[in-house]
Amino acid sequence: MSGPLEMLVTPQEMGRIDHAAAASGIDSYALMRAAGTAVAARLLARFPHVERVAVLCGPGNNGGDGYVAARACAQAGVPVVVHSLGDPAKLEGDARHAFDDAGMQPQALADYHPQGGDVVVDALFGAGLSRAIEGEAADCIDRIGEAATPVVAIDLPSGVGGDSGAVLGTALQAVETVTFFARKPGHLLMPGRDLCGTLSVVDIGIPARYASLADSRVVENTPALWQHVFPHAQAAGHKFARGHLGVFSGPMSATGAARLSAEAGLTAGAGLVTVASSGQALAVNAAHLTAVMVKRVDTLEDVRDFASDNRMKAFVLGPGFGVGAKVRDYALALRENALVLDADGITAFAEERPALAEAFSAGDTRLVVTPHAGEFARLFPDFVPEEGRSKLDAARLAAAAINAIVVFKGSDTVIAAPDGRAAINTNAPPWLATAGAGDVLSGITGGLLSQSMPAFEAAAAAVWLHGEAARHAGPGMTADDLPQALARVQRDGLFADRRFDGSAGRTS
Ligand SMILES: NC(=O)C1=CN([C@@H]2O[C@H](COP(=O)(O)OP(=O)(O)OC[C@H]3O[C@@H](n4cnc5c(N)ncnc54)[C@H](O)[C@@H]3O)[C@@H](O)[C@H]2O)[C@H](O)CC1
Ligand SMILES: [K+]
């Protein structure tokens with residue numbers, strides 16, 4: 001899929017789009033009929049031998065979609081039972097219309113007891129979920145979970161926040177989720193993504209132009225976002241033209257992280273990579289490096305010298321470095337450069353965030369910080385995800401606060417820029433959560449920055465390539481396998497296969 005619908009639409013924005021469509025004369029009940037019919041079709045395609053469909057309808061329009069789906073399944077000759085939360089006589093608008101047209105008498109939700117052969121249609125709550133699910137609905141969700149009855153969810157699995165992917169109270173685990181018009185952040189953010197099962201997006205007749213009512217800066221991280229500025233190495237390119245990356249090593253006992261990072265940077269296309277090492281760790285670094293160079297850097301003066309060489313295009317600082325004043329001083333000395341600050345480099349600024357923000361506040365965005373959840377909470381205790389603040393919101397707030405690209409890592413890594421652009425990554429396999437993988441990510445990011453790729457696009461591309469390399473390496477891989485897998489991803493056309501048509505361009 002390309003074009004504007006690749007963007008993610010929040011439930012609030014979706015509400016605005018619905019209203020605008022209805023105000024322009026589009027028949028909103030026709031949209032509901034299309035939605036419910038599509039859900040029934042999806043269910044019957046996935047479960048052609050279903051013995052009974054149990055449709056659970058809530059008090060809003062999600063329930064309305066459910067009544068449409070119930071009728072469509074019945075018309076296909078499948079036994080259907082409907083259970084409603086609350087009194088269906090209180091339904092209003094399109095949902096009322098759907099209930100009347102279905103002509104089915106619902107039973108109480110409390111009376112739904114899953115039977116073998118059932119498939120549940122979850123039409124309890126969708127975009128309108130506004131508080132934690134409790135009581136009768138929560139009990140029913142528990143029963144379905146215990147019985148492991150397959151669930152086809154309408155719009156969102158009930159209990160999943162559409163803007164956050166978080167669980168409000170409790171949630172259904174679906175095998176299929178059918179949403180409409182465009183995906184919501186909660187379909188991509190965890191645990192929402194896992195609770196959705198297979199997600200499909202159905203066009204129910206809302207014209208694509210209404211996407212302009214939503215913030216188009218939030219997208220899934222795909223090559224469409226950054227391939228137009230991706231540095232494809234020129235056959236005739238000189239190694240200096242591809243930029244020189246510097247990676248700071250930790251002390252003698254902790255040098256491996258920098259080497260992993262450096263090798264990844266080289267594989268990502270940096271023309272030259274130098275590991276900057278204290279004299280004490282120089283021998284161990286030199287003994288383990290071949291294509292990557294080593295340089296002795298002992299003092300802040302040495303750092304300034306290193307950074308002032310205008311062939312140096314980017315730096316990676318933090319992996320294995322140690323927490324303390326030294327890493328802060330080094331980071332601040334690199335303020336004029338593109339810098340990936342990771343691991344200990346992030347933790348070291350926990351009490352001194354203003355100094356970091358100040359150093360990189362002016363000019364182009366050139367600082368990339370790559371915290372996992374623990375590091376994020378140390379540097380940004382004021383922005384941690386919690387009720388009412390999604391991981392996406394958290395990353396965007398953090399990026400704006402320090403004028404940096406924030407790569408908030410996890411199985412749903414969010415890449416956010418100070419100007420509000422953000423991407424959610426979805427291609428990382430579970431086995432990527434392994435020691436040293438973060439060092440490799442920093443190195444890939446540094447390697448792309450060294451080739452003058454803009455910071456947001458470089459970070460997003462690095463996260464995507466990192467996930468793709470891990471998929472290629474397969475289960476059981478270690479971080480050491482990643483640079484080679486990354487080389488294969490770039491060489492074997494895996495990347496080329498996934499490249500979008502240049503004309504599709506960016507979605508922002
Ligand atoms: N996108 C579209 O163009 C279309 C979407 N459709 C469907 O409509 C729902 C959204 O409908 P809405 O009425 O706004 O919200 P819900 O049905 O999800 O729920 C609102 C309802 O539930 C109550 N409520 C909220 N949270 C709780 C809770 N924790 N416990 C109890 N009750 C709760 C709230 O007070 C309301 O009464 C969208 O998801 C689509 O499925 C259209 O049908 C087609 C067009
Ligand atoms: K639902």
# chains A, B, ... in the order shown; residues from 1 in each chain; ligands from 1
$ residues_around --residues "A:Arg259" --least-positions-apart "2" --cutoff "10 Å" --atoms "only C-alpha atoms" --output "VMD selection string"
chain A and resid 247 to 250 255 to 257 261 to 265 274 to 275 285 288 to 289 292 319 439 to 440 443 480
$ select_by_dssp --residues "stretch 258-368 of chain A" --states "helix (DSSP H, G or I)" --output "VMD selection string"
chain A and resid 258 to 267 279 to 288 300 to 308 325 to 333 344 to 347 353 to 359
$ residues_near_ligand --ligand "ligand 2" --cutoff "9 Å" --atoms "only C-alpha atoms and all ligand atoms" --output "PyMOL selection string"
chain A and resi 56-58+62-63+66+121-127+152-160+172+177
$ write_last_selection --atoms "N, CA and C atoms" --output "PDB file, in the first residue's frame"
ATOM      1  N   LEU A  56     -21.008 -10.348  19.752  1.00  0.00           N
ATOM      2  CA  LEU A  56     -21.143  -9.631  21.014  1.00  0.00           C
ATOM      3  C   LEU A  56     -21.169  -8.141  20.711  1.00  0.00           C
ATOM      4  N   CYS A  57     -22.326  -7.517  20.976  1.00  0.00           N
ATOM      5  CA  CYS A  57     -22.520  -6.128  20.555  1.00  0.00           C
ATOM      6  C   CYS A  57     -22.517  -5.172  21.741  1.00  0.00           C
ATOM      7  N   GLY A  58     -21.747  -4.102  21.615  1.00  0.00           N
ATOM      8  CA  GLY A  58     -21.690  -3.060  22.633  1.00  0.00           C
ATOM      9  C   GLY A  58     -22.709  -1.966  22.374  1.00  0.00           C
ATOM     10  N   ASN A  62     -19.728   0.520  17.195  1.00  0.00           N
ATOM     11  CA  ASN A  62     -19.026  -0.755  17.018  1.00  0.00           C
ATOM     12  C   ASN A  62     -20.048  -1.887  17.115  1.00  0.00           C
ATOM     13  N   GLY A  63     -20.950  -1.763  18.073  1.00  0.00           N
ATOM     14  CA  GLY A  63     -22.048  -2.718  18.186  1.00  0.00           C
ATOM     15  C   GLY A  63     -22.918  -2.711  16.934  1.00  0.00           C
ATOM     16  N   GLY A  66     -21.597  -4.764  14.459  1.00  0.00           N
ATOM     17  CA  GLY A  66     -21.829  -6.155  14.858  1.00  0.00           C
ATOM     18  C   GLY A  66     -23.189  -6.661  14.396  1.00  0.00           C
ATOM     19  N   VAL A 121     -17.603 -12.762  17.176  1.00  0.00           N
ATOM     20  CA  VAL A 121     -17.395 -11.448  16.548  1.00  0.00           C
ATOM     21  C   VAL A 121     -17.401 -10.428  17.678  1.00  0.00           C
ATOM     22  N   ASP A 122     -16.277  -9.752  17.840  1.00  0.00           N
ATOM     23  CA  ASP A 122     -16.125  -8.784  18.923  1.00  0.00           C
ATOM     24  C   ASP A 122     -16.558  -7.405  18.436  1.00  0.00           C
ATOM     25  N   ALA A 123     -17.795  -7.052  18.791  1.00  0.00           N
ATOM     26  CA  ALA A 123     -18.333  -5.737  18.444  1.00  0.00           C
ATOM     27  C   ALA A 123     -18.705  -4.989  19.728  1.00  0.00           C
ATOM     28  N   LEU A 124     -17.926  -5.230  20.798  1.00  0.00           N
ATOM     29  CA  LEU A 124     -18.229  -4.565  22.073  1.00  0.00           C
ATOM     30  C   LEU A 124     -17.797  -3.098  22.046  1.00  0.00           C
ATOM     31  N   PHE A 125     -16.493  -2.878  21.846  1.00  0.00           N
ATOM     32  CA  PHE A 125     -15.971  -1.508  21.815  1.00  0.00           C
ATOM     33  C   PHE A 125     -14.953  -1.376  20.702  1.00  0.00           C
ATOM     34  N   GLY A 126     -14.973  -0.237  20.046  1.00  0.00           N
ATOM     35  CA  GLY A 126     -13.975   0.068  19.033  1.00  0.00           C
ATOM     36  C   GLY A 126     -13.317   1.384  19.376  1.00  0.00           C
ATOM     37  N   ALA A 127     -13.465   2.324  18.441  1.00  0.00           N
ATOM     38  CA  ALA A 127     -12.802   3.615  18.608  1.00  0.00           C
ATOM     39  C   ALA A 127     -13.308   4.380  19.825  1.00  0.00           C
ATOM     40  N   VAL A 152     -12.910 -12.671  16.022  1.00  0.00           N
ATOM     41  CA  VAL A 152     -12.719 -11.722  14.923  1.00  0.00           C
ATOM     42  C   VAL A 152     -13.164 -10.361  15.451  1.00  0.00           C
ATOM     43  N   ALA A 153     -12.238  -9.433  15.555  1.00  0.00           N
ATOM     44  CA  ALA A 153     -12.536  -8.141  16.176  1.00  0.00           C
ATOM     45  C   ALA A 153     -12.910  -7.106  15.122  1.00  0.00           C
ATOM     46  N   ILE A 154     -13.921  -6.313  15.460  1.00  0.00           N
ATOM     47  CA  ILE A 154     -14.303  -5.215  14.578  1.00  0.00           C
ATOM     48  C   ILE A 154     -13.571  -3.947  15.018  1.00  0.00           C
ATOM     49  N   ASP A 155     -12.804  -3.425  14.139  1.00  0.00           N
ATOM     50  CA  ASP A 155     -12.019  -2.201  14.294  1.00  0.00           C
ATOM     51  C   ASP A 155     -10.826  -2.374  15.232  1.00  0.00           C
ATOM     52  N   LEU A 156     -11.082  -2.783  16.463  1.00  0.00           N
ATOM     53  CA  LEU A 156     -10.007  -3.041  17.436  1.00  0.00           C
ATOM     54  C   LEU A 156     -10.485  -4.161  18.342  1.00  0.00           C
ATOM     55  N   PRO A 157      -9.574  -4.990  18.851  1.00  0.00           N
ATOM     56  CA  PRO A 157     -10.010  -5.924  19.892  1.00  0.00           C
ATOM     57  C   PRO A 157     -10.505  -5.102  21.091  1.00  0.00           C
ATOM     58  N   SER A 158     -11.649  -5.436  21.620  1.00  0.00           N
ATOM     59  CA  SER A 158     -12.191  -4.649  22.729  1.00  0.00           C
ATOM     60  C   SER A 158     -11.212  -4.629  23.887  1.00  0.00           C
ATOM     61  N   GLY A 159     -10.967  -3.429  24.400  1.00  0.00           N
ATOM     62  CA  GLY A 159     -10.017  -3.256  25.490  1.00  0.00           C
ATOM     63  C   GLY A 159      -8.704  -2.653  25.025  1.00  0.00           C
ATOM     64  N   VAL A 160      -8.454  -2.664  23.711  1.00  0.00           N
ATOM     65  CA  VAL A 160      -7.221  -2.065  23.190  1.00  0.00           C
ATOM     66  C   VAL A 160      -7.486  -0.600  22.841  1.00  0.00           C
ATOM     67  N   LEU A 172      -9.619  -8.505  24.640  1.00  0.00           N
ATOM     68  CA  LEU A 172      -9.750  -9.759  23.904  1.00  0.00           C
ATOM     69  C   LEU A 172      -8.507  -9.992  23.043  1.00  0.00           C
ATOM     70  N   THR A 177      -8.443  -8.974  12.962  1.00  0.00           N
ATOM     71  CA  THR A 177      -9.048  -7.678  13.241  1.00  0.00           C
ATOM     72  C   THR A 177      -9.277  -6.987  11.905  1.00  0.00           C
TER      73      THR A 177
END
$ closest_residue --among "A:Ile346, A:Leu432, A:Leu213, A:Ala254" --to "A:Leu379" --atoms "only C-alpha atoms"
A:Ile346
$ closest_residue --among "A:Ser212, A:Ser361, A:Asn425, A:Thr445" --to "A:Ala401" --atoms "only C-alpha atoms"
A:Ser361
$ residues_near_ligand --ligand "ligand 1" --cutoff "8 Å" --atoms "only C-alpha atoms and all ligand atoms" --output "PyMOL selection string"
chain A and resi 11+14-15+17-18+28-29+31-36+58-65+94-95+123-134+137+154-156+159+168-169+179-181+204+206
$ write_last_selection --atoms "N, CA and C atoms" --output "compact mmCIF listing (two decimals), in the first residue's frame"
# COMPACT_ATOMS: atom_id res chain seq x y z
N PRO A 11 -8.07 7.43 16.76
CA PRO A 11 -9.53 7.32 16.84
C PRO A 11 -10.21 8.69 16.83
N MET A 14 -10.25 9.82 13.35
CA MET A 14 -11.20 9.00 12.60
C MET A 14 -12.62 9.52 12.84
N GLY A 15 -12.90 9.95 14.07
CA GLY A 15 -14.20 10.52 14.37
C GLY A 15 -14.46 11.77 13.54
N ILE A 17 -13.11 12.46 10.69
CA ILE A 17 -13.26 12.05 9.29
C ILE A 17 -14.69 11.53 9.06
N ASP A 18 -15.20 10.71 9.99
CA ASP A 18 -16.58 10.21 9.89
C ASP A 18 -17.58 11.36 9.79
N SER A 28 -23.94 7.62 6.23
CA SER A 28 -23.13 6.97 7.27
C SER A 28 -23.62 5.54 7.54
N TYR A 29 -24.91 5.31 7.32
CA TYR A 29 -25.39 3.93 7.53
C TYR A 29 -24.85 3.00 6.44
N LEU A 31 -21.90 3.28 5.29
CA LEU A 31 -20.53 2.96 5.76
C LEU A 31 -20.59 1.82 6.78
N MET A 32 -21.57 1.89 7.67
CA MET A 32 -21.71 0.84 8.68
C MET A 32 -22.05 -0.50 8.03
N ARG A 33 -22.91 -0.47 7.04
CA ARG A 33 -23.25 -1.72 6.35
C ARG A 33 -22.01 -2.31 5.67
N ALA A 34 -21.22 -1.41 5.05
CA ALA A 34 -20.00 -1.90 4.38
C ALA A 34 -19.04 -2.50 5.42
N ALA A 35 -18.96 -1.84 6.57
CA ALA A 35 -18.03 -2.30 7.62
C ALA A 35 -18.45 -3.68 8.13
N GLY A 36 -19.71 -3.81 8.53
CA GLY A 36 -20.18 -5.07 9.09
C GLY A 36 -20.14 -6.20 8.08
N GLY A 58 -21.75 -4.10 21.62
CA GLY A 58 -21.69 -3.06 22.63
C GLY A 58 -22.71 -1.97 22.37
N PRO A 59 -22.64 -0.89 23.18
CA PRO A 59 -23.67 0.15 23.16
C PRO A 59 -23.49 1.23 22.10
N GLY A 60 -22.40 1.15 21.29
CA GLY A 60 -22.15 2.23 20.32
C GLY A 60 -22.17 1.73 18.89
N ASN A 61 -21.49 2.46 18.02
CA ASN A 61 -21.49 2.09 16.60
C ASN A 61 -20.67 0.84 16.31
N ASN A 62 -19.73 0.52 17.19
CA ASN A 62 -19.03 -0.76 17.02
C ASN A 62 -20.05 -1.89 17.11
N GLY A 63 -20.95 -1.76 18.07
CA GLY A 63 -22.05 -2.72 18.19
C GLY A 63 -22.92 -2.71 16.93
N GLY A 64 -23.13 -1.52 16.37
CA GLY A 64 -23.91 -1.42 15.13
C GLY A 64 -23.29 -2.24 14.01
N ASP A 65 -21.97 -2.13 13.89
CA ASP A 65 -21.28 -2.95 12.89
C ASP A 65 -21.54 -4.43 13.17
N ASP A 94 -27.25 5.17 13.69
CA ASP A 94 -26.96 4.07 12.77
C ASP A 94 -26.99 2.72 13.48
N ALA A 95 -26.53 2.70 14.73
CA ALA A 95 -26.51 1.43 15.46
C ALA A 95 -27.95 0.94 15.67
N ALA A 123 -17.79 -7.05 18.79
CA ALA A 123 -18.33 -5.74 18.44
C ALA A 123 -18.71 -4.99 19.73
N LEU A 124 -17.93 -5.23 20.80
CA LEU A 124 -18.23 -4.57 22.07
C LEU A 124 -17.80 -3.10 22.05
N PHE A 125 -16.49 -2.88 21.85
CA PHE A 125 -15.97 -1.51 21.82
C PHE A 125 -14.95 -1.38 20.70
N GLY A 126 -14.97 -0.24 20.05
CA GLY A 126 -13.97 0.07 19.03
C GLY A 126 -13.32 1.38 19.38
N ALA A 127 -13.46 2.32 18.44
CA ALA A 127 -12.80 3.61 18.61
C ALA A 127 -13.31 4.38 19.83
N GLY A 128 -14.49 4.03 20.30
CA GLY A 128 -15.10 4.81 21.39
C GLY A 128 -14.73 4.34 22.79
N LEU A 129 -13.87 3.35 22.90
CA LEU A 129 -13.48 2.88 24.24
C LEU A 129 -12.87 4.05 25.01
N SER A 130 -13.43 4.34 26.19
CA SER A 130 -12.99 5.55 26.87
C SER A 130 -12.54 5.31 28.30
N ARG A 131 -12.69 4.09 28.77
CA ARG A 131 -12.26 3.80 30.14
C ARG A 131 -12.02 2.31 30.26
N ALA A 132 -11.52 1.90 31.43
CA ALA A 132 -11.18 0.48 31.61
C ALA A 132 -12.45 -0.37 31.56
N ILE A 133 -12.32 -1.53 30.92
CA ILE A 133 -13.45 -2.47 30.86
C ILE A 133 -13.55 -3.21 32.19
N GLU A 134 -14.76 -3.23 32.73
CA GLU A 134 -14.97 -3.89 34.03
C GLU A 134 -16.27 -4.68 33.98
N ALA A 137 -18.71 -7.07 31.08
CA ALA A 137 -17.93 -7.19 29.84
C ALA A 137 -16.58 -7.84 30.13
N ILE A 154 -13.92 -6.31 15.46
CA ILE A 154 -14.30 -5.22 14.58
C ILE A 154 -13.57 -3.95 15.02
N ASP A 155 -12.80 -3.43 14.14
CA ASP A 155 -12.02 -2.20 14.29
C ASP A 155 -10.83 -2.37 15.23
N LEU A 156 -11.08 -2.78 16.46
CA LEU A 156 -10.01 -3.04 17.44
C LEU A 156 -10.49 -4.16 18.34
N GLY A 159 -10.97 -3.43 24.40
CA GLY A 159 -10.02 -3.26 25.49
C GLY A 159 -8.70 -2.65 25.03
N LEU A 168 -6.90 -1.36 28.28
CA LEU A 168 -7.67 -0.62 29.29
C LEU A 168 -8.51 -1.63 30.07
N GLY A 169 -8.03 -2.01 31.22
CA GLY A 169 -8.74 -3.00 32.04
C GLY A 169 -8.37 -4.41 31.62
N THR A 179 -10.23 -3.44 10.34
CA THR A 179 -10.42 -2.01 10.61
C THR A 179 -10.77 -1.29 9.31
N PHE A 180 -11.09 -0.02 9.44
CA PHE A 180 -11.67 0.69 8.30
C PHE A 180 -10.87 1.95 7.98
N PHE A 181 -10.75 2.22 6.69
CA PHE A 181 -10.13 3.44 6.16
C PHE A 181 -8.61 3.45 6.32
N ILE A 204 -14.37 1.25 3.21
CA ILE A 204 -15.84 1.17 3.33
C ILE A 204 -16.52 2.31 2.58
N ILE A 206 -15.22 5.66 2.38
CA ILE A 206 -14.84 7.03 2.77
C ILE A 206 -13.76 7.49 1.80
$ residues_around --residues "A:Thr434" --least-positions-apart "5" --cutoff "9 Å" --atoms "only C-alpha atoms" --output "VMD selection string"
chain A and resid 477 to 479
$ residues_around --residues "A:Val50" --least-positions-apart "6" --cutoff "8 Å" --atoms "only C-alpha atoms" --output "PyMOL selection string"
chain A and resi 44+78+117-119
$ residues_around --residues "A:Ala473" --least-positions-apart "5" --cutoff "8 Å" --atoms "only C-alpha atoms" --output "list in words"
Asp481, Leu482 and Ala485 of chain A
$ write_last_selection --atoms "C-alpha atoms" --output "tab-separated table (two decimals), in the first residue's frame"
chain	number	residue	atom	x	y	z
A	481	ASP	CA	25.72	-12.10	12.93
A	482	LEU	CA	23.92	-8.85	12.22
A	485	ALA	CA	23.08	-10.26	7.55
$ closest_residue --among "A:Arg311, A:Glu146, A:Ala286, A:Pro251" --to "A:Val323" --atoms "only C-alpha atoms"
A:Pro251
$ closest_residue --among "A:Phe376, A:Trp431, A:Phe230, A:Phe360" --to "A:Ala395" --atoms "only C-alpha atoms"
A:Phe376
$ closest_residue --among "A:Asp412, A:Asp111, A:Asp302, A:Asp100" --to "A:His83" --atoms "only C-alpha atoms"
A:Asp111
$ closest_residue --among "A:Ala377, A:Leu188, A:Ala417, A:Ala110" --to "A:Ala166" --atoms "only C-alpha atoms"
A:Leu188
$ select_by_dssp --residues "stretch 64-211 of chain A" --states "strand (DSSP E or B)" --output "ChimeraX atom specification"
/A:80-84,107-108,118-123,151-154,160,167,176-180,198-202
$ residues_around --residues "A:Pro114" --least-positions-apart "5" --cutoff "8 Å" --atoms "only C-alpha atoms" --output "JSON, numbers by chain"
{"A": [143, 144, 147, 149]}
$ write_last_selection --atoms "N, CA and C atoms" --output "mmCIF file, in the first residue's frame"
data_model
loop_
_atom_site.group_PDB
_atom_site.id
_atom_site.type_symbol
_atom_site.label_atom_id
_atom_site.label_comp_id
_atom_site.auth_asym_id
_atom_site.auth_seq_id
_atom_site.Cartn_x
_atom_site.Cartn_y
_atom_site.Cartn_z
ATOM 1 N N ARG A 143 -13.999 -15.251 30.061
ATOM 2 C CA ARG A 143 -14.526 -16.569 29.669
ATOM 3 C C ARG A 143 -14.046 -16.954 28.268
ATOM 4 N N ILE A 144 -14.059 -15.962 27.381
ATOM 5 C CA ILE A 144 -13.641 -16.247 25.998
ATOM 6 C C ILE A 144 -12.158 -16.592 25.957
ATOM 7 N N ALA A 147 -11.659 -20.119 27.247
ATOM 8 C CA ALA A 147 -12.120 -21.134 26.301
ATOM 9 C C ALA A 147 -11.292 -21.129 25.018
ATOM 10 N N THR A 149 -11.655 -19.386 22.475
ATOM 11 C CA THR A 149 -12.542 -19.276 21.309
ATOM 12 C C THR A 149 -11.933 -18.267 20.319
#
$ residues_around --residues "A:Asn221" --least-positions-apart "3" --cutoff "7 Å" --atoms "only C-alpha atoms" --output "list in words"
Leu225, Ala423, Ile424, Asn425, Ala460 and Trp464 of chain A
$ write_last_selection --atoms "N, CA and C atoms" --output "PDB file, in the first residue's frame"
ATOM      1  N   LEU A 225       9.223   5.909   3.544  1.00  0.00           N
ATOM      2  CA  LEU A 225       9.493   7.087   4.380  1.00  0.00           C
ATOM      3  C   LEU A 225      10.867   7.689   4.092  1.00  0.00           C
ATOM      4  N   ALA A 423       7.480   7.609  13.312  1.00  0.00           N
ATOM      5  CA  ALA A 423       7.240   6.347  12.612  1.00  0.00           C
ATOM      6  C   ALA A 423       7.267   5.216  13.629  1.00  0.00           C
ATOM      7  N   ILE A 424       6.375   4.259  13.422  1.00  0.00           N
ATOM      8  CA  ILE A 424       6.339   3.081  14.288  1.00  0.00           C
ATOM      9  C   ILE A 424       6.886   1.920  13.476  1.00  0.00           C
ATOM     10  N   ASN A 425       7.854   1.213  14.064  1.00  0.00           N
ATOM     11  CA  ASN A 425       8.496   0.113  13.337  1.00  0.00           C
ATOM     12  C   ASN A 425       7.836  -1.217  13.705  1.00  0.00           C
ATOM     13  N   ALA A 460      15.292   6.127  11.068  1.00  0.00           N
ATOM     14  CA  ALA A 460      14.193   5.241  10.657  1.00  0.00           C
ATOM     15  C   ALA A 460      14.714   4.128   9.749  1.00  0.00           C
ATOM     16  N   TRP A 464      14.744   0.001  10.519  1.00  0.00           N
ATOM     17  CA  TRP A 464      14.112  -0.937   9.574  1.00  0.00           C
ATOM     18  C   TRP A 464      15.128  -1.975   9.084  1.00  0.00           C
TER      19      TRP A 464
END
$ closest_atom_pairs --of "stretch 128-170 of chain A" --to "stretch 385-392 of chain A" --cutoff "8 Å" --atoms "only C-alpha atoms" --output "tab-separated table"
residue	atom	partner	partner_atom	distance
A:Asp163	CA	A:Ser390	CA	7.1
A:Ser164	CA	A:Ser390	CA	4.6
A:Gly165	CA	A:Ser390	CA	7.8
A:Ala166	CA	A:Ser390	CA	7.7
$ atom_distance --atom1 "atom CA of A:Val229" --atom2 "atom CA of A:Pro185"
25.2 Å
